[in-house]
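To be precise, the following lines are run_30.cif, and they hold mmCIF, C-alpha atoms.
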data_entry
loop_
_atom_site.group_PDB
_atom_site.id
_atom_site.type_symbol
_atom_site.label_atom_id
_atom_site.label_comp_id
_atom_site.auth_asym_id
_atom_site.auth_seq_id
_atom_site.Cartn_x
_atom_site.Cartn_y
_atom_site.Cartn_z
ATOM 1 C CA MET A 1 -20.539 -6.473 -13.479
ATOM 2 C CA VAL A 2 -20.483 -10.239 -13.867
ATOM 3 C CA LEU A 3 -17.861 -11.855 -16.093
ATOM 4 C CA LYS A 4 -17.367 -15.497 -16.930
ATOM 5 C CA SER A 5 -13.900 -16.843 -16.314
ATOM 6 C CA ILE A 6 -12.275 -18.287 -19.428
ATOM 7 C CA ILE A 7 -10.535 -20.943 -17.339
ATOM 8 C CA THR A 8 -13.076 -22.076 -14.764
ATOM 9 C CA GLY A 9 -16.259 -21.067 -16.553
ATOM 10 C CA LYS A 10 -17.510 -19.686 -13.234
ATOM 11 C CA GLU A 11 -19.216 -16.345 -13.083
ATOM 12 C CA SER A 12 -17.556 -13.890 -10.790
ATOM 13 C CA ASP A 13 -18.408 -10.320 -9.827
ATOM 14 C CA MET A 14 -14.777 -9.934 -8.717
ATOM 15 C CA ALA A 15 -13.610 -9.992 -12.333
ATOM 16 C CA ARG A 16 -13.303 -6.289 -13.019
ATOM 17 C CA SER A 17 -10.844 -6.080 -15.871
ATOM 18 C CA ILE A 18 -11.960 -5.609 -19.459
ATOM 19 C CA VAL A 19 -8.819 -7.514 -20.386
ATOM 20 C CA GLN A 20 -9.210 -11.250 -19.891
ATOM 21 C CA ASN A 21 -6.344 -13.694 -19.902
ATOM 22 C CA ASN A 22 -5.423 -17.315 -20.551
ATOM 23 C CA ILE A 23 -2.450 -17.493 -18.212
ATOM 24 C CA ARG A 24 -3.820 -20.391 -16.152
ATOM 25 C CA ARG A 25 -4.295 -22.514 -19.298
ATOM 26 C CA LEU A 26 -0.933 -21.482 -20.755
ATOM 27 C CA ARG A 27 0.818 -22.416 -17.501
ATOM 28 C CA PHE A 28 -0.909 -25.786 -17.610
ATOM 29 C CA GLU A 29 0.178 -26.328 -21.222
ATOM 30 C CA ALA A 30 3.728 -25.302 -20.326
ATOM 31 C CA GLY A 31 4.143 -28.423 -18.203
ATOM 32 C CA GLU A 32 2.176 -27.315 -15.129
ATOM 33 C CA MET A 33 4.396 -24.305 -14.648
ATOM 34 C CA THR A 34 3.817 -22.891 -11.152
ATOM 35 C CA GLN A 35 2.848 -19.287 -10.471
ATOM 36 C CA GLN A 36 6.175 -18.838 -8.694
ATOM 37 C CA GLN A 37 8.149 -20.122 -11.695
ATOM 38 C CA LEU A 38 6.266 -17.782 -14.005
ATOM 39 C CA ALA A 39 6.748 -14.895 -11.558
ATOM 40 C CA ASP A 40 10.499 -15.535 -11.401
ATOM 41 C CA GLU A 41 10.801 -15.635 -15.181
ATOM 42 C CA ALA A 42 8.687 -12.501 -15.597
ATOM 43 C CA ARG A 43 10.615 -10.741 -12.792
ATOM 44 C CA VAL A 44 7.493 -9.960 -10.752
ATOM 45 C CA SER A 45 6.076 -11.276 -7.466
ATOM 46 C CA ARG A 46 3.837 -14.345 -7.311
ATOM 47 C CA GLN A 47 1.051 -12.098 -5.957
ATOM 48 C CA THR A 48 1.151 -10.102 -9.189
ATOM 49 C CA ILE A 49 0.690 -13.260 -11.263
ATOM 50 C CA VAL A 50 -2.232 -14.241 -8.988
ATOM 51 C CA ALA A 51 -3.785 -10.772 -9.426
ATOM 52 C CA ILE A 52 -3.394 -10.900 -13.232
ATOM 53 C CA GLU A 53 -4.927 -14.397 -13.413
ATOM 54 C CA LYS A 54 -7.894 -13.276 -11.299
ATOM 55 C CA GLY A 55 -8.387 -10.188 -13.476
ATOM 56 C CA ASN A 56 -7.663 -7.877 -10.551
ATOM 57 C CA TYR A 57 -4.715 -6.264 -12.294
ATOM 58 C CA SER A 58 -4.035 -5.328 -15.907
ATOM 59 C CA PRO A 59 -0.275 -5.543 -16.465
ATOM 60 C CA SER A 60 1.811 -2.977 -18.294
ATOM 61 C CA LEU A 61 2.448 -3.537 -21.991
ATOM 62 C CA GLU A 62 6.033 -4.459 -21.154
ATOM 63 C CA LEU A 63 5.007 -7.185 -18.702
ATOM 64 C CA ALA A 64 2.291 -8.436 -21.070
ATOM 65 C CA PHE A 65 4.866 -8.886 -23.846
ATOM 66 C CA ARG A 66 7.260 -10.529 -21.407
ATOM 67 C CA LEU A 67 4.574 -13.064 -20.429
ATOM 68 C CA ALA A 68 3.794 -13.749 -24.097
ATOM 69 C CA HIS A 69 7.510 -14.241 -24.744
ATOM 70 C CA ILE A 70 7.783 -16.702 -21.833
ATOM 71 C CA PHE A 71 4.922 -18.779 -23.262
ATOM 72 C CA GLN A 72 6.348 -18.400 -26.792
ATOM 73 C CA THR A 73 2.961 -17.277 -28.034
ATOM 74 C CA PRO A 74 1.444 -14.107 -29.549
ATOM 75 C CA LEU A 75 0.130 -11.485 -27.131
ATOM 76 C CA GLU A 76 -3.467 -12.055 -28.326
ATOM 77 C CA GLU A 77 -3.203 -15.642 -27.128
ATOM 78 C CA VAL A 78 -2.345 -14.509 -23.591
ATOM 79 C CA PHE A 79 -4.673 -11.510 -23.245
ATOM 80 C CA LYS A 80 -8.070 -10.839 -24.762
ATOM 81 C CA TYR A 81 -9.790 -7.499 -24.976
ATOM 82 C CA ASP A 82 -13.583 -7.438 -24.929
ATOM 83 C CA PRO A 83 -14.841 -4.156 -26.440
ATOM 84 C CA LYS A 84 -18.413 -4.918 -25.270
ATOM 85 C CA GLU A 85 -17.218 -4.532 -21.668
ATOM 86 C CA ASP A 86 -15.338 -1.336 -22.425
ATOM 87 C CA VAL A 87 -18.353 0.947 -22.174
ATOM 88 C CA PRO A 88 -18.154 4.211 -20.215
ATOM 89 C CA GLY A 89 -19.935 3.875 -16.894
ATOM 90 C CA LYS A 90 -20.138 0.088 -17.082
ATOM 91 C CA ARG A 91 -17.032 -0.546 -14.998
ATOM 92 C CA MET B 92 -2.143 -12.483 4.276
ATOM 93 C CA THR B 93 0.735 -11.527 1.980
ATOM 94 C CA TYR B 94 4.048 -10.019 3.098
ATOM 95 C CA GLN B 95 3.013 -6.558 1.874
ATOM 96 C CA GLU B 96 -0.331 -6.705 3.703
ATOM 97 C CA LYS B 97 1.341 -7.764 6.941
ATOM 98 C CA GLN B 98 3.936 -5.011 6.540
ATOM 99 C CA ASN B 99 1.172 -2.429 6.097
ATOM 100 C CA VAL B 100 -0.655 -3.627 9.208
ATOM 101 C CA VAL B 101 2.611 -3.345 11.176
ATOM 102 C CA ASN B 102 3.230 0.148 9.737
ATOM 103 C CA MET B 103 -0.273 1.275 10.696
ATOM 104 C CA PHE B 104 0.045 0.107 14.284
ATOM 105 C CA SER B 105 3.586 1.439 14.655
ATOM 106 C CA ALA B 106 2.492 4.889 13.359
ATOM 107 C CA LEU B 107 -0.344 4.900 15.873
ATOM 108 C CA LEU B 108 1.793 3.611 18.734
ATOM 109 C CA ILE B 109 4.787 5.917 18.170
ATOM 110 C CA THR B 110 2.601 9.020 17.830
ATOM 111 C CA VAL B 111 0.414 8.235 20.840
ATOM 112 C CA ILE B 112 3.372 7.396 23.113
ATOM 113 C CA TYR B 113 5.336 10.500 22.060
ATOM 114 C CA ALA B 114 2.266 12.755 22.410
ATOM 115 C CA TRP B 115 1.609 11.330 25.870
ATOM 116 C CA LEU B 116 5.239 11.955 26.960
ATOM 117 C CA VAL B 117 5.091 15.539 25.663
ATOM 118 C CA TRP B 118 1.743 16.063 27.395
ATOM 119 C CA GLN B 119 3.227 14.835 30.684
ATOM 120 C CA ARG B 120 6.107 17.320 30.419
ATOM 121 C CA GLN B 121 3.717 20.107 29.534
ATOM 122 C CA GLN B 122 1.652 19.295 32.627
ATOM 123 C CA GLN B 123 4.801 19.264 34.771
ATOM 124 C CA GLY B 124 5.621 22.764 33.512
ATOM 125 C CA GLN B 125 8.909 21.838 31.779
ATOM 126 C CA PHE B 126 7.810 23.948 28.815
ATOM 127 C CA ASP B 127 4.800 25.948 27.697
ATOM 128 C CA LEU B 128 3.655 24.787 24.294
ATOM 129 C CA THR B 129 0.851 27.340 24.145
ATOM 130 C CA GLU B 130 3.439 30.120 23.734
ATOM 131 C CA ASP B 131 6.856 28.599 22.982
ATOM 132 C CA PHE B 132 6.850 27.809 19.234
ATOM 133 C CA ARG B 133 10.602 27.194 19.190
ATOM 134 C CA GLN B 134 9.902 24.265 21.502
ATOM 135 C CA TRP B 135 7.369 22.919 18.993
ATOM 136 C CA GLY B 136 10.097 22.954 16.336
ATOM 137 C CA ILE B 137 12.486 21.047 18.613
ATOM 138 C CA LEU B 138 9.766 18.531 19.544
ATOM 139 C CA PHE B 139 8.912 17.939 15.871
ATOM 140 C CA LEU B 140 12.560 17.315 14.964
ATOM 141 C CA ILE B 141 12.964 14.895 17.883
ATOM 142 C CA PHE B 142 9.725 13.185 16.823
ATOM 143 C CA ILE B 143 10.987 12.710 13.248
ATOM 144 C CA ALA B 144 14.312 11.271 14.453
ATOM 145 C CA LEU B 145 12.636 8.958 16.991
ATOM 146 C CA SER B 146 10.067 7.810 14.423
ATOM 147 C CA VAL B 147 12.774 6.863 11.929
ATOM 148 C CA VAL B 148 14.771 4.896 14.527
ATOM 149 C CA ALA B 149 11.654 3.195 15.957
ATOM 150 C CA ARG B 150 10.429 2.213 12.496
ATOM 151 C CA ILE B 151 13.775 0.718 11.512
ATOM 152 C CA ILE B 152 13.739 -1.374 14.700
ATOM 153 C CA ILE B 153 10.091 -2.396 14.157
ATOM 154 C CA GLN B 154 10.811 -3.379 10.525
ATOM 155 C CA ILE B 155 13.797 -5.510 11.560
ATOM 156 C CA VAL B 156 11.740 -7.229 14.282
ATOM 157 C CA PHE B 157 8.851 -7.728 11.832
ATOM 158 C CA HIS B 158 11.098 -9.243 9.176
ATOM 159 C CA ILE B 159 12.737 -11.615 11.661
ATOM 160 C CA GLY B 160 9.344 -12.576 13.151
ATOM 161 C CA ASN B 161 7.861 -13.124 9.706
ATOM 162 C CA ALA B 162 10.845 -15.204 8.590
ATOM 163 C CA ILE B 163 10.516 -17.414 11.681
ATOM 164 C CA ALA B 164 6.725 -17.785 11.328
ATOM 165 C CA THR B 165 6.612 -18.432 7.569
ATOM 166 C CA ARG B 166 10.136 -19.836 7.042
ATOM 167 C CA GLU B 167 10.329 -17.437 4.115
ATOM 168 C CA GLU B 168 13.547 -15.444 4.367
ATOM 169 C CA LYS B 169 13.366 -13.665 1.025
ATOM 170 C CA ILE B 170 11.494 -10.337 0.887
ATOM 171 C CA PRO B 171 9.204 -10.391 -2.170
ATOM 172 C CA ARG B 172 10.589 -8.243 -4.971
ATOM 173 C CA GLU B 173 8.846 -4.916 -5.592
ATOM 174 C CA ASP B 174 7.323 -4.905 -9.062
ATOM 175 C CA GLU B 175 5.148 -2.609 -11.187
ATOM 176 C CA ARG B 176 1.956 -3.571 -9.314
ATOM 177 C CA ASP B 177 3.524 -2.730 -5.943
ATOM 178 C CA LYS B 178 4.620 0.652 -7.305
ATOM 179 C CA LEU B 179 1.106 1.372 -8.641
ATOM 180 C CA VAL B 180 -0.469 0.365 -5.311
ATOM 181 C CA LYS B 181 1.954 2.619 -3.408
ATOM 182 C CA LEU B 182 1.330 5.499 -5.784
ATOM 183 C CA LYS B 183 -2.459 5.309 -5.407
ATOM 184 C CA ALA B 184 -2.187 4.928 -1.633
ATOM 185 C CA LEU B 185 0.146 7.929 -1.476
ATOM 186 C CA ARG B 186 -2.427 9.964 -3.411
ATOM 187 C CA ASN B 187 -5.102 9.100 -0.807
ATOM 188 C CA SER B 188 -2.690 9.916 1.990
ATOM 189 C CA TYR B 189 -1.891 13.268 0.340
ATOM 190 C CA TYR B 190 -5.616 14.096 0.118
ATOM 191 C CA ALA B 191 -6.012 13.293 3.829
ATOM 192 C CA PHE B 192 -3.071 15.448 4.876
ATOM 193 C CA THR B 193 -4.126 18.327 2.625
ATOM 194 C CA SER B 194 -7.630 18.175 4.102
ATOM 195 C CA GLY B 195 -6.027 18.315 7.534
ATOM 196 C CA PHE B 196 -4.036 21.377 6.542
ATOM 197 C CA VAL B 197 -7.201 23.104 5.307
ATOM 198 C CA VAL B 198 -9.025 22.206 8.540
ATOM 199 C CA SER B 199 -6.092 23.646 10.539
ATOM 200 C CA VAL B 200 -6.127 26.888 8.598
ATOM 201 C CA VAL B 201 -9.911 27.165 8.917
ATOM 202 C CA GLY B 202 -9.472 26.584 12.657
ATOM 203 C CA LEU B 203 -6.982 29.463 12.831
ATOM 204 C CA ALA B 204 -9.330 31.704 10.850
ATOM 205 C CA LEU B 205 -12.109 30.886 13.296
ATOM 206 C CA GLY B 206 -9.961 32.040 16.190
ATOM 207 C CA MET B 207 -8.358 28.810 17.439
ATOM 208 C CA PRO B 208 -4.993 29.299 19.214
ATOM 209 C CA VAL B 209 -1.833 29.049 17.056
ATOM 210 C CA TYR B 210 -0.591 25.860 18.767
ATOM 211 C CA TRP B 211 -3.728 24.178 17.396
ATOM 212 C CA ILE B 212 -2.112 24.003 13.952
ATOM 213 C CA PHE B 213 0.805 21.939 15.356
ATOM 214 C CA ILE B 214 -1.531 19.527 17.115
ATOM 215 C CA ALA B 215 -3.584 19.243 13.901
ATOM 216 C CA PHE B 216 -0.392 18.516 11.909
ATOM 217 C CA VAL B 217 0.515 15.631 14.211
ATOM 218 C CA GLY B 218 -3.037 14.249 14.195
ATOM 219 C CA PHE B 219 -3.595 14.516 10.471
ATOM 220 C CA GLY B 220 -0.066 13.264 9.768
ATOM 221 C CA MET B 221 -0.929 10.103 11.682
ATOM 222 C CA ILE B 222 -4.313 9.793 9.956
ATOM 223 C CA ALA B 223 -2.647 10.281 6.555
ATOM 224 C CA GLU B 224 -0.185 7.487 7.300
ATOM 225 C CA ILE B 225 -2.968 5.149 8.420
ATOM 226 C CA ILE B 226 -4.902 5.981 5.231
ATOM 227 C CA ASP B 227 -1.744 5.305 3.189
ATOM 228 C CA ASN B 228 -1.264 1.834 4.673
ATOM 229 C CA GLY B 229 -5.006 1.080 4.770
ATOM 230 C CA SER B 230 -5.295 2.028 1.089
ATOM 231 C CA GLN B 231 -2.412 -0.265 0.198
ATOM 232 C CA ILE B 232 -4.135 -3.190 1.944
ATOM 233 C CA TYR B 233 -7.381 -2.315 0.125
ATOM 234 C CA TYR B 234 -5.702 -2.157 -3.312
ATOM 235 C CA TYR B 235 -3.758 -5.356 -2.702
ATOM 236 C CA ARG B 236 -6.995 -7.154 -1.859
ATOM 237 C CA LYS B 237 -9.433 -5.593 -4.323
ATOM 238 C CA GLY B 238 -7.024 -4.942 -7.175
ATOM 239 C CA VAL B 239 -5.739 -1.821 -8.890
#

Could you render the structure as C-alpha coordinates?
Amino acid sequence: MVLKSIITGKESDMARSIVQNNIRRLRFEAGEMTQQQLADEARVSRQTIVAIEKGNYSPSLELAFRLAHIFQTPLEEVFKYDPKEDVPGKR
Amino acid sequence: MTYQEKQNVVNMFSALLITVIYAWLVWQRQQQGQFDLTEDFRQWGILFLIFIALSVVARIIIQIVFHIGNAIATREEKIPREDERDKLVKLKALRNSYYAFTSGFVVSVVGLALGMPVYWIFIAFVGFGMIAEIIDNGSQIYYYRKGV
(Lines of atoms letter the chains of each structure in order from A and count residues from 1; the text may use other names and numbers.)
(Lines give C-alpha, C1' and ligand atoms only; values in the text may rest on other atoms or scores of the structure.)
Protein backbone atom coordinates (compact mmCIF):
# COMPACT_ATOMS: atom_id res chain seq x y z
CA MET A 1 0.00 0.00 0.00
CA VAL A 2 1.42 3.37 -1.00
CA LEU A 3 0.05 6.53 0.61
CA LYS A 4 0.98 10.12 -0.03
CA SER A 5 1.94 12.11 3.02
CA ILE A 6 -0.23 15.18 3.55
CA ILE A 7 2.74 17.10 4.94
CA THR A 8 5.70 16.14 2.77
CA GLY A 9 3.85 15.03 -0.34
CA LYS A 10 6.21 12.04 -0.49
CA GLU A 11 4.88 8.60 -1.21
CA SER A 12 5.65 6.09 1.46
CA ASP A 13 4.89 2.38 1.77
CA MET A 14 5.46 2.76 5.52
CA ALA A 15 2.22 4.72 5.87
CA ARG A 16 -0.13 1.98 6.98
CA SER A 17 -2.90 3.81 8.77
CA ILE A 18 -6.21 4.58 7.11
CA VAL A 19 -6.33 7.60 9.40
CA GLN A 20 -4.13 10.42 8.17
CA ASN A 21 -3.17 13.41 10.24
CA ASN A 22 -2.11 17.05 10.05
CA ILE A 23 -0.15 17.16 13.29
CA ARG A 24 3.11 18.29 11.67
CA ARG A 25 1.36 21.27 10.03
CA LEU A 26 -0.62 22.11 13.17
CA ARG A 27 2.58 22.07 15.25
CA PHE A 28 4.17 24.41 12.73
CA GLU A 29 1.17 26.76 12.88
CA ALA A 30 1.26 26.65 16.68
CA GLY A 31 4.56 28.52 16.70
CA GLU A 32 6.88 25.64 15.75
CA MET A 33 5.76 23.61 18.72
CA THR A 34 8.21 20.74 19.25
CA GLN A 35 7.19 17.09 19.40
CA GLN A 36 8.34 17.02 23.02
CA GLN A 37 6.17 20.02 23.95
CA LEU A 38 3.15 18.42 22.30
CA ALA A 39 3.93 15.09 24.00
CA ASP A 40 4.13 16.78 27.41
CA GLU A 41 0.83 18.57 26.90
CA ALA A 42 -0.87 15.42 25.62
CA ARG A 43 0.66 13.35 28.47
CA VAL A 44 2.28 10.82 26.14
CA SER A 45 5.89 10.08 25.13
CA ARG A 46 7.60 11.88 22.25
CA GLN A 47 7.91 8.51 20.48
CA THR A 48 4.13 8.23 20.43
CA ILE A 49 3.80 11.63 18.76
CA VAL A 50 6.45 10.55 16.21
CA ALA A 51 4.54 7.31 15.54
CA ILE A 52 1.22 9.16 15.11
CA GLU A 53 2.79 11.70 12.72
CA LYS A 54 4.32 8.90 10.64
CA GLY A 55 0.98 7.06 10.52
CA ASN A 56 2.43 4.09 12.40
CA TYR A 57 -0.04 4.42 15.24
CA SER A 58 -3.71 5.38 15.39
CA PRO A 59 -4.33 7.01 18.77
CA SER A 60 -7.28 6.30 21.03
CA LEU A 61 -10.31 8.55 20.74
CA GLU A 62 -9.37 10.13 24.06
CA LEU A 63 -5.87 11.06 22.88
CA ALA A 64 -7.20 12.25 19.51
CA PHE A 65 -9.60 14.64 21.27
CA ARG A 66 -6.83 15.76 23.60
CA LEU A 67 -4.61 16.62 20.61
CA ALA A 68 -7.48 18.51 18.95
CA HIS A 69 -8.05 20.40 22.20
CA ILE A 70 -4.35 21.33 22.42
CA PHE A 71 -4.46 22.77 18.89
CA GLN A 72 -7.84 24.42 19.62
CA THR A 73 -9.24 22.91 16.45
CA PRO A 74 -11.97 20.38 15.53
CA LEU A 75 -10.98 16.71 15.45
CA GLU A 76 -11.54 16.54 11.67
CA GLU A 77 -8.83 19.15 11.24
CA VAL A 78 -6.29 16.96 13.06
CA PHE A 79 -7.24 13.53 11.70
CA LYS A 80 -8.68 12.51 8.36
CA TYR A 81 -10.33 9.23 7.55
CA ASP A 82 -10.08 7.93 3.99
CA PRO A 83 -12.87 5.40 3.34
CA LYS A 84 -11.25 4.39 0.01
CA GLU A 85 -8.34 2.92 1.97
CA ASP A 86 -10.61 1.14 4.42
CA VAL A 87 -11.27 -1.87 2.21
CA PRO A 88 -11.09 -5.40 3.63
CA GLY A 89 -7.89 -7.10 2.54
CA LYS A 90 -6.27 -3.88 1.34
CA ARG A 91 -4.33 -3.23 4.53
CA MET B 1 17.32 3.45 19.44
CA THR B 2 14.66 4.54 21.94
CA TYR B 3 14.74 3.86 25.69
CA GLN B 4 12.10 1.12 25.35
CA GLU B 5 13.99 -0.61 22.53
CA LYS B 6 17.24 -0.55 24.49
CA GLN B 7 15.44 -1.87 27.57
CA ASN B 8 14.01 -4.76 25.53
CA VAL B 9 17.43 -5.66 24.13
CA VAL B 10 18.83 -5.68 27.69
CA ASN B 11 15.89 -7.83 28.88
CA MET B 12 16.42 -10.32 26.06
CA PHE B 13 20.11 -10.75 26.79
CA SER B 14 19.59 -10.90 30.55
CA ALA B 15 16.91 -13.61 30.14
CA LEU B 16 19.30 -15.61 27.98
CA LEU B 17 22.29 -15.05 30.25
CA ILE B 18 20.52 -15.79 33.55
CA THR B 19 18.91 -18.98 32.22
CA VAL B 20 22.07 -20.30 30.56
CA ILE B 21 24.28 -19.60 33.61
CA TYR B 22 21.78 -21.15 36.05
CA ALA B 23 21.22 -24.19 33.80
CA TRP B 24 24.98 -24.67 33.51
CA LEU B 25 25.42 -24.50 37.33
CA VAL B 26 22.61 -27.02 37.84
CA TRP B 27 24.10 -29.28 35.17
CA GLN B 28 27.48 -29.16 36.92
CA ARG B 29 25.91 -30.22 40.23
CA GLN B 30 23.97 -32.97 38.51
CA GLN B 31 27.21 -34.27 36.98
CA GLN B 32 28.91 -34.14 40.38
CA GLY B 33 26.12 -36.30 41.80
CA GLN B 34 24.82 -33.72 44.32
CA PHE B 35 21.28 -34.60 43.22
CA ASP B 36 19.55 -36.78 40.66
CA LEU B 37 17.17 -34.72 38.59
CA THR B 38 16.02 -37.72 36.57
CA GLU B 39 14.19 -39.06 39.65
CA ASP B 40 14.03 -36.35 42.33
CA PHE B 41 11.09 -34.09 41.36
CA ARG B 42 11.11 -32.34 44.73
CA GLN B 43 14.56 -31.08 43.79
CA TRP B 44 13.13 -29.69 40.54
CA GLY B 45 10.60 -27.71 42.58
CA ILE B 46 13.36 -26.29 44.81
CA LEU B 47 15.52 -25.44 41.79
CA PHE B 48 12.62 -23.65 40.08
CA LEU B 49 11.88 -21.56 43.18
CA ILE B 50 15.56 -20.63 43.53
CA PHE B 51 15.63 -19.77 39.82
CA ILE B 52 12.62 -17.44 40.16
CA ALA B 53 14.15 -15.67 43.17
CA LEU B 54 17.57 -15.33 41.51
CA SER B 55 16.01 -14.10 38.27
CA VAL B 56 14.08 -11.36 40.07
CA VAL B 57 17.17 -10.16 41.98
CA ALA B 58 19.42 -10.34 38.89
CA ARG B 59 16.90 -8.43 36.78
CA ILE B 60 16.53 -5.67 39.35
CA ILE B 61 20.32 -5.27 39.43
CA ILE B 62 20.54 -5.35 35.61
CA GLN B 63 17.76 -2.74 35.30
CA ILE B 64 19.48 -0.41 37.78
CA VAL B 65 22.81 -0.78 35.95
CA PHE B 66 21.07 -0.25 32.59
CA HIS B 67 19.29 2.89 33.78
CA ILE B 68 22.49 4.36 35.23
CA GLY B 69 24.47 3.45 32.08
CA ASN B 70 21.78 4.90 29.83
CA ALA B 71 21.58 8.10 31.89
CA ILE B 72 25.36 8.54 31.64
CA ALA B 73 25.46 7.78 27.89
CA THR B 74 22.46 9.90 26.85
CA ARG B 75 22.43 12.44 29.71
CA GLU B 76 18.71 11.72 29.92
CA GLU B 77 17.80 10.97 33.52
CA LYS B 78 14.03 10.83 33.13
CA ILE B 79 12.47 7.47 32.19
CA PRO B 80 9.95 8.08 29.39
CA ARG B 81 6.39 7.90 30.68
CA GLU B 82 4.39 4.79 29.76
CA ASP B 83 1.42 5.77 27.62
CA GLU B 84 -1.39 4.03 25.73
CA ARG B 85 0.91 3.02 22.84
CA ASP B 86 3.39 1.38 25.23
CA LYS B 87 0.54 -0.55 26.86
CA LEU B 88 -0.76 -1.72 23.45
CA VAL B 89 2.75 -2.79 22.38
CA LYS B 90 3.22 -4.73 25.64
CA LEU B 91 -0.18 -6.35 25.31
CA LYS B 92 0.48 -7.57 21.76
CA ALA B 93 3.96 -8.77 22.68
CA LEU B 94 2.55 -10.62 25.69
CA ARG B 95 0.06 -12.35 23.39
CA ASN B 96 2.92 -13.59 21.17
CA SER B 97 4.86 -14.69 24.23
CA TYR B 98 1.78 -16.57 25.51
CA TYR B 99 1.43 -18.37 22.16
CA ALA B 100 5.10 -19.40 22.33
CA PHE B 101 4.84 -20.72 25.88
CA THR B 102 1.57 -22.54 25.17
CA SER B 103 3.16 -24.17 22.12
CA GLY B 104 6.02 -25.23 24.37
CA PHE B 105 3.59 -26.75 26.83
CA VAL B 106 1.89 -28.71 24.04
CA VAL B 107 5.28 -29.91 22.74
CA SER B 108 6.18 -31.04 26.29
CA VAL B 109 2.96 -32.96 26.70
CA VAL B 110 3.34 -34.55 23.26
CA GLY B 111 6.89 -35.51 24.28
CA LEU B 112 5.54 -37.22 27.41
CA ALA B 113 2.89 -39.03 25.37
CA LEU B 114 5.60 -40.27 23.03
CA GLY B 115 7.48 -41.79 25.95
CA MET B 116 9.99 -39.07 26.88
CA PRO B 117 11.12 -39.16 30.55
CA VAL B 118 9.13 -37.01 33.03
CA TYR B 119 12.06 -34.64 33.73
CA TRP B 120 11.83 -33.65 30.06
CA ILE B 121 8.77 -31.51 30.84
CA PHE B 122 10.80 -29.42 33.35
CA ILE B 123 13.62 -28.89 30.88
CA ALA B 124 11.05 -27.94 28.21
CA PHE B 125 9.43 -25.45 30.63
CA VAL B 126 12.76 -23.70 31.21
CA GLY B 127 13.61 -23.67 27.50
CA PHE B 128 10.24 -22.48 26.28
CA GLY B 129 9.98 -19.99 29.15
CA MET B 130 13.20 -18.41 27.91
CA ILE B 131 12.04 -18.50 24.29
CA ALA B 132 8.71 -16.93 25.29
CA GLU B 133 10.52 -14.09 27.05
CA ILE B 134 12.77 -13.49 24.05
CA ILE B 135 9.69 -13.46 21.79
CA ASP B 136 8.01 -11.00 24.18
CA ASN B 137 10.91 -8.54 24.04
CA GLY B 138 11.58 -9.15 20.33
CA SER B 139 7.91 -8.48 19.55
CA GLN B 140 8.02 -5.23 21.51
CA ILE B 141 11.04 -4.06 19.48
CA TYR B 142 9.23 -5.07 16.27
CA TYR B 143 6.02 -3.20 17.20
CA TYR B 144 7.93 -0.13 18.33
CA ARG B 145 9.72 -0.01 14.98
CA LYS B 146 6.97 -1.06 12.58
CA GLY B 147 4.00 0.38 14.44
CA VAL B 148 0.95 -1.12 16.11

Expected answer as a PDB file with C-alpha atoms, in the frame of the given file: chain B residues within 12 Å of chain A, only C-alpha atoms:
ATOM      1  CA  MET B  92      -2.143 -12.483   4.276  1.00  0.00           C
ATOM      2  CA  THR B  93       0.735 -11.527   1.980  1.00  0.00           C
ATOM      3  CA  TYR B  94       4.048 -10.019   3.098  1.00  0.00           C
ATOM      4  CA  GLN B  95       3.013  -6.558   1.874  1.00  0.00           C
ATOM      5  CA  GLU B  96      -0.331  -6.705   3.703  1.00  0.00           C
ATOM      6  CA  LYS B 169      13.366 -13.665   1.025  1.00  0.00           C
ATOM      7  CA  ILE B 170      11.494 -10.337   0.887  1.00  0.00           C
ATOM      8  CA  PRO B 171       9.204 -10.391  -2.170  1.00  0.00           C
ATOM      9  CA  ARG B 172      10.589  -8.243  -4.971  1.00  0.00           C
ATOM     10  CA  GLU B 173       8.846  -4.916  -5.592  1.00  0.00           C
ATOM     11  CA  ASP B 174       7.323  -4.905  -9.062  1.00  0.00           C
ATOM     12  CA  GLU B 175       5.148  -2.609 -11.187  1.00  0.00           C
ATOM     13  CA  ARG B 176       1.956  -3.571  -9.314  1.00  0.00           C
ATOM     14  CA  ASP B 177       3.524  -2.730  -5.943  1.00  0.00           C
ATOM     15  CA  LYS B 178       4.620   0.652  -7.305  1.00  0.00           C
ATOM     16  CA  LEU B 179       1.106   1.372  -8.641  1.00  0.00           C
ATOM     17  CA  VAL B 180      -0.469   0.365  -5.311  1.00  0.00           C
ATOM     18  CA  TYR B 234      -5.702  -2.157  -3.312  1.00  0.00           C
ATOM     19  CA  TYR B 235      -3.758  -5.356  -2.702  1.00  0.00           C
ATOM     20  CA  ARG B 236      -6.995  -7.154  -1.859  1.00  0.00           C
ATOM     21  CA  LYS B 237      -9.433  -5.593  -4.323  1.00  0.00           C
ATOM     22  CA  GLY B 238      -7.024  -4.942  -7.175  1.00  0.00           C
ATOM     23  CA  VAL B 239      -5.739  -1.821  -8.890  1.00  0.00           C
TER      24      VAL B 239
END

Item checked: Selection under test: the PyMOL selection byres ((chain B and resi 226) around 8); residues as JSON, numbers by chain -> {"B": [184, 187, 188, 191, 222, 223, 224, 225, 227, 228, 229, 230]}

Item checked: Residue neighbourhood Ala106 in chain B, 9 Å, all atoms listed in the file, exclusion window fewer than 2 positions, as a VMD selection string -> chain B and resid 101 to 104 108 to 111 146 150 221 224 to 225

Next item on the list: Find the residue from A:Ile18, A:Ile23, A:Glu29, A:Gln35 that sits nearest to Ala64 in chain A; use all atoms listed in the file when measuring.
Entry: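 Once distances to Ala64 in chain A are computed over all atoms listed in the file, the minimum belongs to A:Ile23.
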
Enclose the full set of atoms of range 106-120 of chain B listed in the file within a box whose edges lie along x, y and z, apply 6 Å of padding to each of the six sides, and report centre and edge lengths in Å to one decimal as JSON.
{"center_x": 2.9, "center_y": 10.5, "center_z": 22.0, "size_x": 18.5, "size_y": 25.7, "size_z": 29.3}

Check: Could you pull the residues within 12 Å of range 113-130 of chain B, counting all atoms listed in the file, minus those fewer than 6 positions along the same chain, as a list in words?
Finding: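 The contact residues come out as Ser105, Ala106, Leu107, Gly136, Ile137, Leu138, Phe139, Ile141, Phe142, Ile143, Ala144, Leu145, Ser146, Ala149, Met207, Pro208, Val209, Tyr210, Trp211, Ile212, Phe213, Ile214, Val217, Gly218 and Met221 of chain B.
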
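Between Leu26 in chain A and the candidates A:Val87, A:Val50, A:Ala39, A:Val78, the tightest atom-to-atom separation, counting only C-alpha atoms, involves A:Val78.
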
Check: Between CA of Ile232 in chain B and CA of Ile151 in chain B, what is the distance, to one decimal in Å?
Finding: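 About the pair CA of Ile232 in chain B and CA of Ile151 in chain B: they are 20.7 Å apart.
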
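For the atom pair formed by CA of Gln154 in chain B and CA of Phe216 in chain B, the distance is 24.6 Å, given to one decimal.
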
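Going from CA of Ala42 in chain A to CA of Arg66 in chain A covers 6.3 Å.
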